[in-house]
file entry.txt (compact mmCIF, C-alpha atoms)
# COMPACT_ATOMS: atom_id res chain seq x y z
CA MET H 540 0.00 0.00 0.00
CA THR H 541 2.86 2.34 0.70
CA ASN H 542 3.98 3.70 -2.58
CA VAL H 543 6.87 5.82 -1.41
CA GLU H 544 8.01 6.90 -4.84
CA ARG H 545 4.89 8.25 -6.48
CA ARG H 546 6.20 9.03 -9.94
CA ARG H 547 9.03 6.72 -10.72
CA ALA H 548 10.75 6.98 -14.07
CA ILE H 549 10.58 4.01 -16.41
CA THR H 550 13.57 1.80 -15.65
CA ALA H 551 15.26 -0.63 -18.00
CA GLU H 552 13.40 -3.47 -16.28
CA ASP H 553 10.06 -1.68 -16.72
CA LEU H 554 10.73 -1.06 -20.40
CA ALA H 555 11.66 -4.71 -20.92
CA ASN H 556 8.55 -5.88 -19.05
CA ILE H 557 6.31 -3.55 -21.05
CA ALA H 558 7.77 -4.63 -24.39
CA VAL H 559 7.76 -8.34 -23.56
CA PHE H 560 4.20 -8.31 -22.23
CA ALA H 561 3.07 -6.44 -25.34
CA ALA H 562 4.68 -9.29 -27.26
CA LEU H 563 2.93 -11.85 -25.04
CA THR H 564 -0.40 -10.20 -25.75
CA ALA H 565 0.38 -10.34 -29.46
CA ALA H 566 1.45 -14.00 -29.29
CA LEU H 567 -1.63 -15.09 -27.35
CA SER H 568 -3.89 -13.12 -29.72
CA VAL H 569 -2.62 -14.69 -32.92
CA LEU H 570 -2.11 -18.25 -31.67
CA PRO H 571 -4.90 -20.56 -32.72
CA GLY H 572 -7.57 -20.78 -30.05
CA ILE H 573 -7.32 -23.46 -27.43
CA PRO H 574 -10.26 -25.85 -27.31
CA LEU H 575 -12.00 -25.37 -24.02
CA GLY H 576 -14.36 -27.54 -22.05
CA ALA H 577 -16.46 -30.43 -23.31
CA ALA H 578 -17.86 -28.48 -26.26
CA GLY H 579 -14.34 -27.71 -27.42
CA VAL H 580 -15.14 -24.21 -28.61
CA PRO H 581 -11.80 -22.65 -29.52
CA LEU H 582 -11.19 -19.37 -27.72
CA THR H 583 -8.51 -16.91 -28.65
CA LEU H 584 -6.60 -15.71 -25.66
CA GLN H 585 -6.56 -12.00 -26.59
CA THR H 586 -8.64 -10.74 -23.66
CA LEU H 587 -6.97 -13.28 -21.37
CA ALA H 588 -3.64 -11.68 -22.23
CA VAL H 589 -5.05 -8.20 -21.58
CA PHE H 590 -6.32 -9.12 -18.09
CA LEU H 591 -3.16 -11.06 -17.32
CA THR H 592 -0.90 -8.17 -18.31
CA GLY H 593 -2.77 -5.88 -15.92
CA LEU H 594 -2.73 -8.41 -13.08
CA VAL H 595 0.97 -9.20 -13.43
CA LEU H 596 2.42 -5.78 -14.28
CA GLY H 597 0.00 -3.59 -12.34
CA GLY H 598 -1.97 -0.60 -13.56
CA THR H 599 0.60 1.77 -15.03
CA ARG H 600 2.90 -0.73 -16.71
CA GLY H 601 -0.09 -2.83 -17.78
CA LEU H 602 -1.61 0.24 -19.46
CA LEU H 603 1.65 1.01 -21.27
CA ALA H 604 2.23 -2.60 -22.34
CA VAL H 605 -1.22 -3.08 -23.86
CA ALA H 606 -1.12 0.42 -25.37
CA LEU H 607 2.14 -0.57 -27.07
CA TYR H 608 0.46 -3.72 -28.38
CA VAL H 609 -2.46 -1.70 -29.77
CA LEU H 610 -0.09 0.88 -31.32
CA VAL H 611 1.93 -1.81 -33.09
CA GLY H 612 -1.28 -3.43 -34.31
CA LEU H 613 -2.57 -0.13 -35.69
CA ILE H 614 0.71 0.45 -37.55
CA GLY H 615 -0.15 -2.66 -39.50
CA VAL H 616 1.69 -5.55 -37.88
CA PRO H 617 -0.96 -8.28 -37.81
CA VAL H 618 -1.04 -8.84 -34.05
CA PHE H 619 -4.78 -8.64 -33.43
CA ALA H 620 -6.90 -11.78 -33.20
CA GLY H 621 -7.17 -13.51 -36.57
CA PHE H 622 -3.93 -11.92 -37.82
CA ARG H 623 -5.59 -8.58 -38.39
CA GLY H 624 -3.83 -5.28 -38.04
CA GLY H 625 -3.58 -1.82 -39.51
CA LEU H 626 -5.51 1.39 -39.36
CA GLY H 627 -8.48 -0.33 -40.99
CA VAL H 628 -9.24 -1.90 -37.62
CA LEU H 629 -10.16 1.58 -36.32
CA ALA H 630 -12.99 1.79 -38.82
CA GLY H 631 -14.17 -1.73 -38.08
CA PRO H 632 -16.81 -2.82 -35.58
CA SER H 633 -14.23 -4.17 -33.12
CA ALA H 634 -12.42 -0.81 -32.78
CA GLY H 635 -14.10 -0.13 -29.44
CA TYR H 636 -12.84 -3.40 -27.99
CA ILE H 637 -9.29 -2.87 -29.16
CA LEU H 638 -9.11 0.73 -27.94
CA ALA H 639 -10.58 -0.37 -24.59
CA PHE H 640 -7.88 -3.02 -24.05
CA PRO H 641 -5.21 -0.71 -22.56
CA PHE H 642 -7.72 0.76 -20.13
CA ALA H 643 -9.00 -2.69 -19.25
CA ALA H 644 -5.46 -3.76 -18.38
CA ALA H 645 -5.06 -0.56 -16.35
CA ALA H 646 -8.33 -1.15 -14.49
CA ALA H 647 -7.43 -4.76 -13.70
CA GLY H 648 -3.95 -3.69 -12.61
CA TYR H 649 -4.97 -0.81 -10.35
CA VAL H 650 -7.75 -2.79 -8.68
CA ALA H 651 -5.33 -5.69 -8.13
CA GLN H 652 -2.82 -3.33 -6.52
CA TRP H 653 -5.54 -1.89 -4.35
CA LEU H 654 -6.82 -5.31 -3.22
CA ILE H 655 -3.39 -6.84 -2.74
CA PRO H 656 -1.12 -4.71 -0.59
CA SER H 657 2.32 -4.28 -2.06
CA ARG H 658 3.91 -5.17 1.26
CA ARG H 659 3.49 -8.77 0.14
CA ALA H 660 6.74 -8.40 -1.72
CA ASN H 661 8.68 -7.48 1.41
CA ASP H 662 7.06 -10.12 3.57
CA GLY H 663 8.95 -12.89 1.91
CA GLY H 664 6.64 -13.32 -1.04
CA ALA H 665 5.86 -16.82 -2.10
CA THR H 666 7.42 -18.43 0.93
CA ASN H 667 5.04 -16.59 3.25
CA ALA H 668 2.43 -19.06 4.44
CA ARG H 669 -0.25 -16.39 4.64
CA TYR H 670 -0.28 -15.99 0.90
CA GLU H 671 -0.18 -19.69 0.24
CA ARG H 672 -3.88 -19.79 1.01
CA THR H 673 -4.58 -19.01 -2.58
CA GLY H 674 -8.38 -19.10 -2.44
CA ALA H 675 -8.85 -15.57 -1.20
CA TYR H 676 -5.91 -14.37 -3.25
CA THR H 677 -7.40 -15.80 -6.45
CA LEU H 678 -10.78 -14.27 -5.63
CA ARG H 679 -9.21 -10.84 -5.30
CA LEU H 680 -7.52 -11.20 -8.65
CA VAL H 681 -10.81 -12.37 -10.17
CA ALA H 682 -12.43 -9.20 -8.83
CA ALA H 683 -9.62 -7.13 -10.33
CA ALA H 684 -9.92 -8.80 -13.72
CA LEU H 685 -13.68 -8.20 -13.59
CA ALA H 686 -12.95 -4.47 -13.50
CA GLY H 687 -11.12 -4.95 -16.80
CA PHE H 688 -14.04 -6.99 -18.11
CA VAL H 689 -16.41 -4.08 -17.39
CA VAL H 690 -14.12 -1.62 -19.18
CA ILE H 691 -14.03 -3.86 -22.27
CA ARG H 692 -17.84 -4.07 -22.30
CA ILE H 693 -18.17 -0.27 -22.18
CA GLY H 694 -15.60 0.33 -24.93
CA GLY H 695 -16.86 -2.51 -27.09
CA ILE H 696 -20.49 -1.43 -26.97
CA LEU H 697 -19.56 2.20 -27.71
CA GLY H 698 -17.53 0.98 -30.70
CA LEU H 699 -20.46 -1.05 -32.02
CA VAL H 700 -22.75 1.96 -31.68
CA VAL H 701 -20.34 4.30 -33.48
CA ASN H 702 -18.76 2.08 -36.15
CA ALA H 703 -21.38 -0.57 -36.85
CA ARG H 704 -24.16 2.00 -36.31
CA LEU H 705 -26.17 -0.32 -34.15
CA PRO H 706 -28.70 1.14 -31.73
CA PHE H 707 -27.55 0.79 -28.12
CA GLN H 708 -29.84 -2.14 -27.35
CA ASP H 709 -28.69 -4.19 -30.33
CA ALA H 710 -25.07 -3.34 -29.57
CA PHE H 711 -25.57 -4.62 -26.04
CA LEU H 712 -27.09 -7.85 -27.34
CA ALA H 713 -24.24 -8.31 -29.83
CA ASP H 714 -21.76 -7.78 -27.00
CA LEU H 715 -23.58 -10.30 -24.81
CA VAL H 716 -22.30 -13.09 -27.09
CA PHE H 717 -18.77 -12.48 -25.77
CA TRP H 718 -19.69 -12.56 -22.08
CA PRO H 719 -19.37 -16.30 -21.39
CA GLY H 720 -15.98 -16.59 -23.07
CA ASP H 721 -14.63 -13.43 -21.51
CA LEU H 722 -15.89 -14.40 -18.06
CA ILE H 723 -14.07 -17.72 -18.36
CA LYS H 724 -10.97 -15.77 -19.33
CA VAL H 725 -11.35 -13.51 -16.28
CA VAL H 726 -11.11 -16.58 -14.05
CA LEU H 727 -8.30 -18.12 -16.08
CA ALA H 728 -6.30 -14.88 -15.97
CA ALA H 729 -6.63 -14.76 -12.18
CA VAL H 730 -5.59 -18.41 -11.76
CA ILE H 731 -2.60 -17.94 -14.05
CA ALA H 732 -1.62 -14.67 -12.35
CA VAL H 733 -1.54 -16.46 -8.99
CA GLY H 734 0.97 -18.89 -10.44
CA VAL H 735 3.08 -16.08 -11.86
CA HIS H 736 2.98 -14.14 -8.59
CA LYS H 737 4.16 -17.26 -6.76
CA ALA H 738 7.03 -17.74 -9.18
CA PHE H 739 8.04 -14.07 -9.13
CA PRO H 740 7.02 -12.59 -5.78
CA ARG H 741 8.91 -9.42 -6.55
CA ILE H 742 6.81 -8.50 -9.57
CA ALA H 743 3.54 -8.70 -7.64
CA GLY H 744 4.55 -6.03 -5.18
CA THR H 745 5.84 -3.50 -7.65
CA ARG H 746 3.78 -1.33 -9.87
CA MET U 484 5.73 -24.02 -36.60
CA SER U 485 3.39 -21.59 -38.28
CA ARG U 486 4.22 -18.09 -37.20
CA GLY U 487 1.51 -16.72 -39.40
CA PRO U 488 1.73 -14.39 -42.33
CA ASP U 489 3.80 -11.22 -42.66
CA LEU U 490 4.57 -10.57 -38.99
CA PHE U 491 7.37 -8.32 -40.12
CA GLY U 492 5.43 -6.47 -42.78
CA SER U 493 4.17 -7.42 -46.18
CA TYR U 494 6.38 -4.93 -48.01
CA SER U 495 7.45 -5.86 -51.48
CA PRO U 496 9.71 -3.55 -53.44
CA GLY U 497 8.53 -1.73 -56.51
CA THR U 498 8.89 1.46 -58.50
CA GLY U 499 5.26 2.51 -58.92
CA LEU U 500 3.72 5.78 -57.86
CA LEU U 501 2.73 4.53 -54.40
CA HIS U 502 6.20 3.10 -53.83
CA ARG U 503 7.90 6.38 -54.70
CA ALA U 504 5.57 8.55 -52.62
CA SER U 505 7.13 9.50 -49.29
CA LEU U 506 5.56 8.33 -46.06
CA ARG U 507 4.45 11.90 -45.35
CA VAL U 508 2.49 12.05 -48.61
CA LYS U 509 0.88 8.71 -47.83
CA GLY U 510 0.04 9.87 -44.31
CA LEU U 511 -1.61 12.97 -45.70
CA GLY U 512 -3.49 10.78 -48.16
CA ILE U 513 -4.80 8.66 -45.31
CA VAL U 514 -5.97 11.79 -43.48
CA VAL U 515 -7.76 12.99 -46.64
CA VAL U 516 -9.43 9.62 -47.19
CA THR U 517 -10.50 9.50 -43.55
CA LEU U 518 -12.02 12.98 -43.71
CA ALA U 519 -13.78 12.22 -46.99
CA VAL U 520 -15.31 9.03 -45.63
CA VAL U 521 -16.28 10.47 -42.27
CA LEU U 522 -17.82 13.64 -43.74
CA SER U 523 -19.56 11.95 -46.66
CA PRO U 524 -23.27 11.43 -46.14
CA SER U 525 -23.78 8.26 -48.17
CA TRP U 526 -22.36 5.23 -49.94
CA PRO U 527 -21.05 6.62 -53.30
CA VAL U 528 -18.01 8.26 -51.65
CA PRO U 529 -16.62 5.14 -49.93
CA THR U 530 -17.45 3.11 -53.04
CA ALA U 531 -15.54 5.46 -55.31
CA LEU U 532 -12.61 5.57 -52.89
CA THR U 533 -12.54 1.79 -52.56
CA VAL U 534 -12.45 1.34 -56.34
CA ALA U 535 -9.85 4.08 -56.85
CA LEU U 536 -7.59 2.79 -54.09
CA MET U 537 -7.86 -0.80 -55.28
CA ILE U 538 -6.81 0.31 -58.75
CA ALA U 539 -3.88 2.26 -57.30
CA GLY U 540 -2.93 -0.70 -55.11
CA SER U 541 -3.14 -3.18 -57.95
CA ALA U 542 -0.96 -0.87 -60.03
CA ALA U 543 1.58 -1.03 -57.20
CA GLY U 544 1.62 -4.79 -57.53
CA ILE U 545 -0.89 -6.06 -54.97
CA GLY U 546 -2.20 -9.32 -56.37
CA VAL U 547 -5.57 -10.96 -55.90
CA ARG U 548 -4.17 -13.25 -53.18
CA GLU U 549 -2.86 -10.34 -51.15
CA TRP U 550 -6.13 -8.42 -51.36
CA TRP U 551 -7.90 -11.58 -50.27
CA ARG U 552 -5.57 -12.06 -47.30
CA GLY U 553 -6.31 -8.50 -46.19
CA LEU U 554 -10.07 -8.71 -46.57
CA ALA U 555 -10.90 -12.33 -45.76
CA PRO U 556 -10.60 -12.11 -41.95
CA ALA U 557 -13.15 -9.28 -41.91
CA LEU U 558 -15.66 -10.97 -44.23
CA PRO U 559 -17.87 -12.81 -41.70
CA VAL U 560 -18.41 -9.66 -39.64
CA LEU U 561 -18.97 -7.53 -42.74
CA LEU U 562 -21.56 -10.02 -43.98
CA LEU U 563 -23.39 -9.95 -40.65
CA LEU U 564 -23.39 -6.14 -40.63
CA ALA U 565 -24.61 -5.99 -44.21
CA VAL U 566 -27.54 -8.32 -43.49
CA TYR U 567 -28.43 -6.43 -40.32
CA HIS U 568 -28.47 -3.02 -42.00
CA VAL U 569 -30.29 -4.21 -45.11
CA LEU U 570 -33.03 -5.56 -42.86
CA THR U 571 -33.26 -2.53 -40.57
CA ALA U 572 -32.37 0.47 -42.73
CA GLY U 573 -32.13 -0.61 -46.34
CA PRO U 574 -29.30 -1.39 -48.77
CA ALA U 575 -27.97 2.20 -48.97
CA GLN U 576 -26.97 2.31 -45.33
CA ALA U 577 -25.66 -1.27 -45.49
CA ALA U 578 -23.38 -0.29 -48.37
CA ASP U 579 -22.23 2.83 -46.54
CA VAL U 580 -21.35 0.99 -43.31
CA VAL U 581 -19.63 -1.94 -44.99
CA LEU U 582 -17.70 0.04 -47.59
CA THR U 583 -16.49 2.54 -44.99
CA ILE U 584 -14.79 -0.40 -43.26
CA VAL U 585 -13.53 -1.85 -46.55
CA VAL U 586 -11.90 1.45 -47.56
CA PHE U 587 -9.64 1.34 -44.53
CA LEU U 588 -8.77 -2.31 -45.07
CA VAL U 589 -7.72 -1.36 -48.61
CA VAL U 590 -5.73 1.65 -47.35
CA THR U 591 -3.92 -0.58 -44.85
CA ARG U 592 -3.01 -3.12 -47.53
CA GLY U 593 -1.69 -0.37 -49.79
CA LEU U 594 0.39 1.20 -47.05
CA MET U 595 1.85 -2.09 -45.84
CA HIS U 596 2.63 -3.25 -49.35
CA THR U 597 4.49 -0.13 -50.41
CA THR U 598 6.26 0.92 -47.20
CA PRO U 599 8.99 -1.09 -45.45
CA LEU U 600 8.18 -1.72 -41.79
CA PRO U 601 11.27 0.12 -40.43
CA GLU U 602 10.19 3.24 -42.31
CA LEU U 603 6.69 2.93 -40.86
CA LEU U 604 8.16 2.59 -37.37
CA ASP U 605 10.23 5.73 -37.87
CA GLY U 606 7.04 7.48 -38.92
CA VAL U 607 5.33 6.34 -35.75
CA VAL U 608 8.22 7.55 -33.60
CA TRP U 609 7.88 10.91 -35.35
CA LEU U 610 4.11 10.92 -34.73
CA CYS U 611 4.82 10.20 -31.07
CA SER U 612 7.03 13.26 -30.65
CA PRO U 613 4.30 15.16 -28.71
CA VAL U 614 5.04 12.82 -25.76
CA ARG U 615 8.07 15.05 -25.13
CA LEU U 616 5.56 17.47 -23.59
CA VAL U 617 4.94 15.06 -20.73
CA GLY U 618 8.63 14.35 -20.32
CA ALA U 619 8.80 11.06 -22.23
CA ASP U 620 11.24 10.23 -25.01
CA PRO U 621 9.74 9.13 -28.36
CA GLU U 622 12.92 7.17 -29.13
CA ARG U 623 12.09 4.93 -26.18
CA ILE U 624 8.77 4.12 -27.81
CA GLY U 625 10.72 3.09 -30.89
CA LEU U 626 13.00 0.95 -28.73
CA ALA U 627 9.98 -0.61 -27.02
CA ILE U 628 8.44 -1.44 -30.40
CA SER U 629 11.56 -3.17 -31.67
CA LEU U 630 11.99 -5.03 -28.37
CA MET U 631 8.41 -6.19 -28.64
CA LEU U 632 8.69 -7.38 -32.24
CA ARG U 633 11.91 -9.18 -31.35
CA SER U 634 10.19 -10.96 -28.46
CA ILE U 635 7.16 -12.32 -30.33
CA PRO U 636 8.96 -15.30 -31.96
CA PHE U 637 10.47 -16.26 -28.58
CA ILE U 638 7.07 -16.32 -26.90
CA VAL U 639 5.28 -18.08 -29.76
CA GLY U 640 8.09 -20.64 -29.69
CA ALA U 641 7.78 -21.07 -25.91
CA VAL U 642 4.04 -21.67 -26.13
CA GLY U 643 4.56 -24.12 -29.00
CA GLU U 644 7.16 -26.10 -27.04
CA LEU U 645 4.86 -26.26 -24.02
CA ARG U 646 2.00 -27.43 -26.20
CA ASP U 647 4.20 -30.24 -27.51
CA ALA U 648 5.35 -31.10 -24.00
CA VAL U 649 1.77 -31.28 -22.72
CA ARG U 650 0.76 -33.47 -25.68
CA ALA U 651 3.76 -35.75 -25.23
CA ARG U 652 2.51 -36.49 -21.71
CA GLY U 653 -0.90 -37.38 -23.05
CA LEU U 654 -2.62 -34.41 -21.42
CA ARG U 655 -5.08 -32.08 -23.03
CA PRO U 656 -3.60 -28.63 -23.57
CA ASN U 657 -5.84 -26.56 -21.32
CA PRO U 658 -5.10 -22.84 -21.06
CA VAL U 659 -3.91 -22.83 -17.45
CA ARG U 660 -1.50 -25.70 -18.05
CA LEU U 661 -0.21 -23.97 -21.15
CA VAL U 662 -0.19 -20.29 -20.37
CA THR U 663 1.11 -20.31 -16.78
CA PRO U 664 4.55 -21.74 -17.64
CA ALA U 665 4.61 -19.64 -20.82
CA VAL U 666 4.04 -16.46 -18.83
CA ILE U 667 6.61 -17.50 -16.24
CA SER U 668 9.25 -18.01 -18.92
CA THR U 669 8.11 -14.73 -20.46
CA VAL U 670 8.71 -12.87 -17.21
CA ALA U 671 12.12 -14.50 -16.90
CA TYR U 672 12.88 -13.45 -20.47
CA ALA U 673 11.78 -9.88 -19.68
CA GLN U 674 14.10 -9.79 -16.69
CA ARG U 675 17.03 -10.98 -18.79
CA THR U 676 16.16 -8.34 -21.39
CA GLY U 677 16.02 -5.69 -18.69
CA GLU U 678 19.43 -6.71 -17.39
CA ALA U 679 20.81 -6.64 -20.93
CA LEU U 680 19.45 -3.12 -21.42
CA ALA U 681 20.91 -1.97 -18.11
CA ALA U 682 24.25 -3.52 -19.02
CA ARG U 683 24.24 -1.44 -22.18
CA GLY U 684 23.82 1.76 -20.24
CA PHE U 685 20.07 2.22 -20.40
CA ASP U 686 18.84 3.81 -17.20

call {"tool": "encode", "arguments": {"input": "entry.txt", "output": "structure tokens"}}
result
Amino acid sequence: MTNVERRRAITAEDLANIAVFAALTAALSVLPGIPLGAAGVPLTLQTLAVFLTGLVLGGTRGLLAVALYVLVGLIGVPVFAGFRGGLGVLAGPSAGYILAFPFAAAAAGYVAQWLIPSRRANDGGATNARYERTGAYTLRLVAAALAGFVVIRIGGILGLVVNARLPFQDAFLADLVFWPGDLIKVVLAAVIAVGVHKAFPRIAGTR
Amino acid sequence: MSRGPDLFGSYSPGTGLLHRASLRVKGLGIVVVTLAVVLSPSWPVPTALTVALMIAGSAAGIGVREWWRGLAPALPVLLLLAVYHVLTAGPAQAADVVLTIVVFLVVTRGLMHTTPLPELLDGVVWLCSPVRLVGADPERIGLAISLMLRSIPFIVGAVGELRDAVRARGLRPNPVRLVTPAVISTVAYAQRTGEALAARGFD
């Protein structure tokens, strides 16, 4: 909770984390979907990567990492789901989702930092028995990722209203299709983030 | 391992008009096209622009296959939108909505085909120069972009190896099993990259 240095400059480690997590988001977005559950519906991991980046890097670095990913995609490198990329995406119906991603990562990251005190890092991190009770820890990260989920809904629906010229109600219904998959990814992101936090206790406590 | 198409740009050299135009001219062109499409009230403007740009692009050497690769991923959504708008507002609005999206897909293809990626990145760094106002350095954005592009093959490779490892043990590749170790090796990779940057005098 005690953030002594309020505005820290971007260090070499931060820059590397931002760039590499932008790359992770790109990799998980373009990889073929992983069949999930009994039905075996393949899901791309784009939003999973967005939530995860926020949960692992925290609000500020998460925002910058996903913003970098979006920037590179808009330049034309095909890093968006389905190997799409380029300015054309901005005119498309999914523009709202893509532009919401950085803010979703930021929301997930800031809420995670708020729910999980940064003193965890100094308490001995993963070896501290208190944090080995992962149930409550996972729930907090789920709550944080849900904040990102809400941001994506808002941006996505706005994008559908503006670009696809759907009335609000129809845009909401169109967005509803993505809820089950994205909610699964909220939980997955939290579970995965717990594993990452355990492996790298230091990263969980920093911004 | 399929890394997918043109991760490092789909530039192919040429001597046509679009190839010789500087990035600034092309950027201005994109602004003009955007304004025309946004301000235009109905479908003839995006239609005319789509046709004109496709002719210009084809003259610069974009073949049928490349157009298809640019447009195909968007087709299902475009079809859905077209049906929806034909049913609710008539064919004119359907054409306007769909062609407005198509114009920008065509613009993107043309830009990517005629401009090498490094030149595009330099353009982006230039566009980012206003960040100086908040005390950031646009060159760092350029560095971050190249670091990111360099890291994608490593991460895709890591996920692929894990997928094989999971399969070899007869397990189903579920996301948690696959992504957790991938992210952990990604974080380790980021830390090594950070140390390498620091060792080269980046502070």

call {"tool": "atom_distance", "arguments": {"input": "entry.txt", "atom1": "CA of Leu630 in chain U", "atom2": "CA of Ala673 in chain U"}}
result
10.0 Å

call {"tool": "closest_residue", "arguments": {"input": "entry.txt", "among": "H:Leu596, H:Ala703, H:Ala645, H:Leu587", "to": "chain U", "atoms": "all atoms listed in the file"}}
result
H:Ala703

call {"tool": "closest_atom_pairs", "arguments": {"input": "entry.txt", "of": "chain U", "to": "chain H", "cutoff": "8 Å", "atoms": "all atoms listed in the file", "output": "tab-separated table"}}
result
residue	atom	partner	partner_atom	distance
U:Gly487	CA	H:Phe622	CA	7.4
U:Pro488	CA	H:Phe622	CA	7.6
U:Asp489	CA	H:Pro617	CA	7.4
U:Leu490	CA	H:Val616	CA	5.9
U:Phe491	CA	H:Val616	CA	6.7
U:Gly492	CA	H:Val616	CA	6.2
U:Gly553	CA	H:Arg623	CA	7.8
U:Pro556	CA	H:Gly621	CA	6.5
U:Leu564	CA	H:Ala703	CA	7.0
U:Val580	CA	H:Ala703	CA	6.6
U:Thr583	CA	H:Ala630	CA	7.1
U:Ile584	CA	H:Ala630	CA	5.3
U:Val585	CA	H:Gly627	CA	7.7
U:Val586	CA	H:Gly627	CA	7.6
U:Phe587	CA	H:Gly627	CA	4.1
U:Leu588	CA	H:Gly627	CA	4.5
U:Val589	CA	H:Gly627	CA	7.7
U:Val590	CA	H:Gly627	CA	7.2
U:Thr591	CA	H:Gly625	CA	5.5
U:Met595	CA	H:Gly615	CA	6.7
U:Leu603	CA	H:Ile614	CA	7.3
U:Leu604	CA	H:Ile614	CA	7.8
U:Val607	CA	H:Ile614	CA	7.7
U:Ala627	CA	H:Ala558	CA	5.3
U:Ile628	CA	H:Ala558	CA	6.8
U:Leu630	CA	H:Ala558	CA	5.8
U:Met631	CA	H:Ala558	CA	4.6
U:Leu632	CA	H:Ala562	CA	6.7
U:Ser634	CA	H:Ala562	CA	5.9
U:Ile635	CA	H:Ala562	CA	5.0
U:Ile638	CA	H:Leu563	CA	6.4
U:Val639	CA	H:Ala566	CA	5.6
U:Pro656	CA	H:Ile573	CA	7.4
U:Asn657	CA	H:Leu575	CA	6.8
U:Pro658	CA	H:Ile573	CA	6.8
U:Val659	CA	H:Ile731	CA	6.1
U:Val662	CA	H:Ile731	CA	7.2
U:Thr663	CA	H:Ile731	CA	5.2
U:Val666	CA	H:Val735	CA	7.0
U:Ile667	CA	H:Val735	CA	5.8
U:Thr669	CA	H:Val559	CA	7.1
U:Val670	CA	H:Asn556	CA	7.2
U:Tyr672	CA	H:Val559	CA	7.9
U:Ala673	CA	H:Asn556	CA	5.2
U:Gln674	CA	H:Glu552	CA	6.4
U:Thr676	CA	H:Ala555	CA	5.8
U:Gly677	CA	H:Glu552	CA	4.2
U:Glu678	CA	H:Glu552	CA	6.9
U:Leu680	CA	H:Ala551	CA	6.0
U:Ala681	CA	H:Ala551	CA	5.8
U:Phe685	CA	H:Ala551	CA	6.1
U:Asp686	CA	H:Ala551	CA	5.8

call {"tool": "atom_distance", "arguments": {"input": "entry.txt", "atom1": "CA of Tyr636 in chain H", "atom2": "CA of Pro527 in chain U"}}
result
28.4 Å

call {"tool": "closest_residue", "arguments": {"input": "entry.txt", "among": "U:Arg646, U:His502, U:Arg652, U:Arg683", "to": "Ala665 in chain U", "atoms": "all atoms listed in the file"}}
result
U:Arg646

call {"tool": "atom_distance", "arguments": {"input": "entry.txt", "atom1": "CA of Val608 in chain U", "atom2": "CA of Glu622 in chain U"}}
result
6.5 Å

call {"tool": "residues_around", "arguments": {"input": "entry.txt", "residues": "Val649 in chain U", "least_positions_apart": "6", "cutoff": "8 Å", "atoms": "only C-alpha atoms", "output": "list of chain:residue names"}}
result
U:Arg655, U:Pro656, U:Arg660, U:Leu661

call {"tool": "decode", "arguments": {"input": "entry.txt", "residues": "range 706-717 of chain H", "atoms": "N, CA and C atoms", "output": "mmCIF file, in the first residue's frame"}}
result
data_model
loop_
_atom_site.group_PDB
_atom_site.id
_atom_site.type_symbol
_atom_site.label_atom_id
_atom_site.label_comp_id
_atom_site.auth_asym_id
_atom_site.auth_seq_id
_atom_site.Cartn_x
_atom_site.Cartn_y
_atom_site.Cartn_z
ATOM 1 N N PRO H 706 -28.108 0.471 -32.889
ATOM 2 C CA PRO H 706 -28.698 1.143 -31.725
ATOM 3 C C PRO H 706 -28.162 0.501 -30.451
ATOM 4 N N PHE H 707 -28.193 1.256 -29.349
ATOM 5 C CA PHE H 707 -27.550 0.794 -28.121
ATOM 6 C C PHE H 707 -27.997 -0.609 -27.719
ATOM 7 N N GLN H 708 -29.324 -0.837 -27.793
ATOM 8 C CA GLN H 708 -29.844 -2.140 -27.349
ATOM 9 C C GLN H 708 -29.258 -3.297 -28.153
ATOM 10 N N ASP H 709 -29.219 -3.121 -29.484
ATOM 11 C CA ASP H 709 -28.689 -4.194 -30.330
ATOM 12 C C ASP H 709 -27.195 -4.376 -30.093
ATOM 13 N N ALA H 710 -26.502 -3.252 -29.850
ATOM 14 C CA ALA H 710 -25.066 -3.339 -29.568
ATOM 15 C C ALA H 710 -24.840 -4.141 -28.302
ATOM 16 N N PHE H 711 -25.691 -3.895 -27.300
ATOM 17 C CA PHE H 711 -25.567 -4.621 -26.037
ATOM 18 C C PHE H 711 -25.784 -6.119 -26.263
ATOM 19 N N LEU H 712 -26.803 -6.439 -27.072
ATOM 20 C CA LEU H 712 -27.090 -7.849 -27.339
ATOM 21 C C LEU H 712 -25.937 -8.502 -28.100
ATOM 22 N N ALA H 713 -25.367 -7.760 -29.068
ATOM 23 C CA ALA H 713 -24.245 -8.309 -29.830
ATOM 24 C C ALA H 713 -23.064 -8.565 -28.902
ATOM 25 N N ASP H 714 -22.874 -7.643 -27.945
ATOM 26 C CA ASP H 714 -21.765 -7.784 -27.004
ATOM 27 C C ASP H 714 -21.977 -8.966 -26.068
ATOM 28 N N LEU H 715 -23.237 -9.231 -25.756
ATOM 29 C CA LEU H 715 -23.581 -10.303 -24.813
ATOM 30 C C LEU H 715 -22.995 -11.648 -25.249
ATOM 31 N N VAL H 716 -22.840 -11.835 -26.563
ATOM 32 C CA VAL H 716 -22.300 -13.090 -27.085
ATOM 33 C C VAL H 716 -20.917 -13.370 -26.502
ATOM 34 N N PHE H 717 -20.153 -12.294 -26.223
ATOM 35 C CA PHE H 717 -18.772 -12.481 -25.772
ATOM 36 C C PHE H 717 -18.668 -12.689 -24.260
#
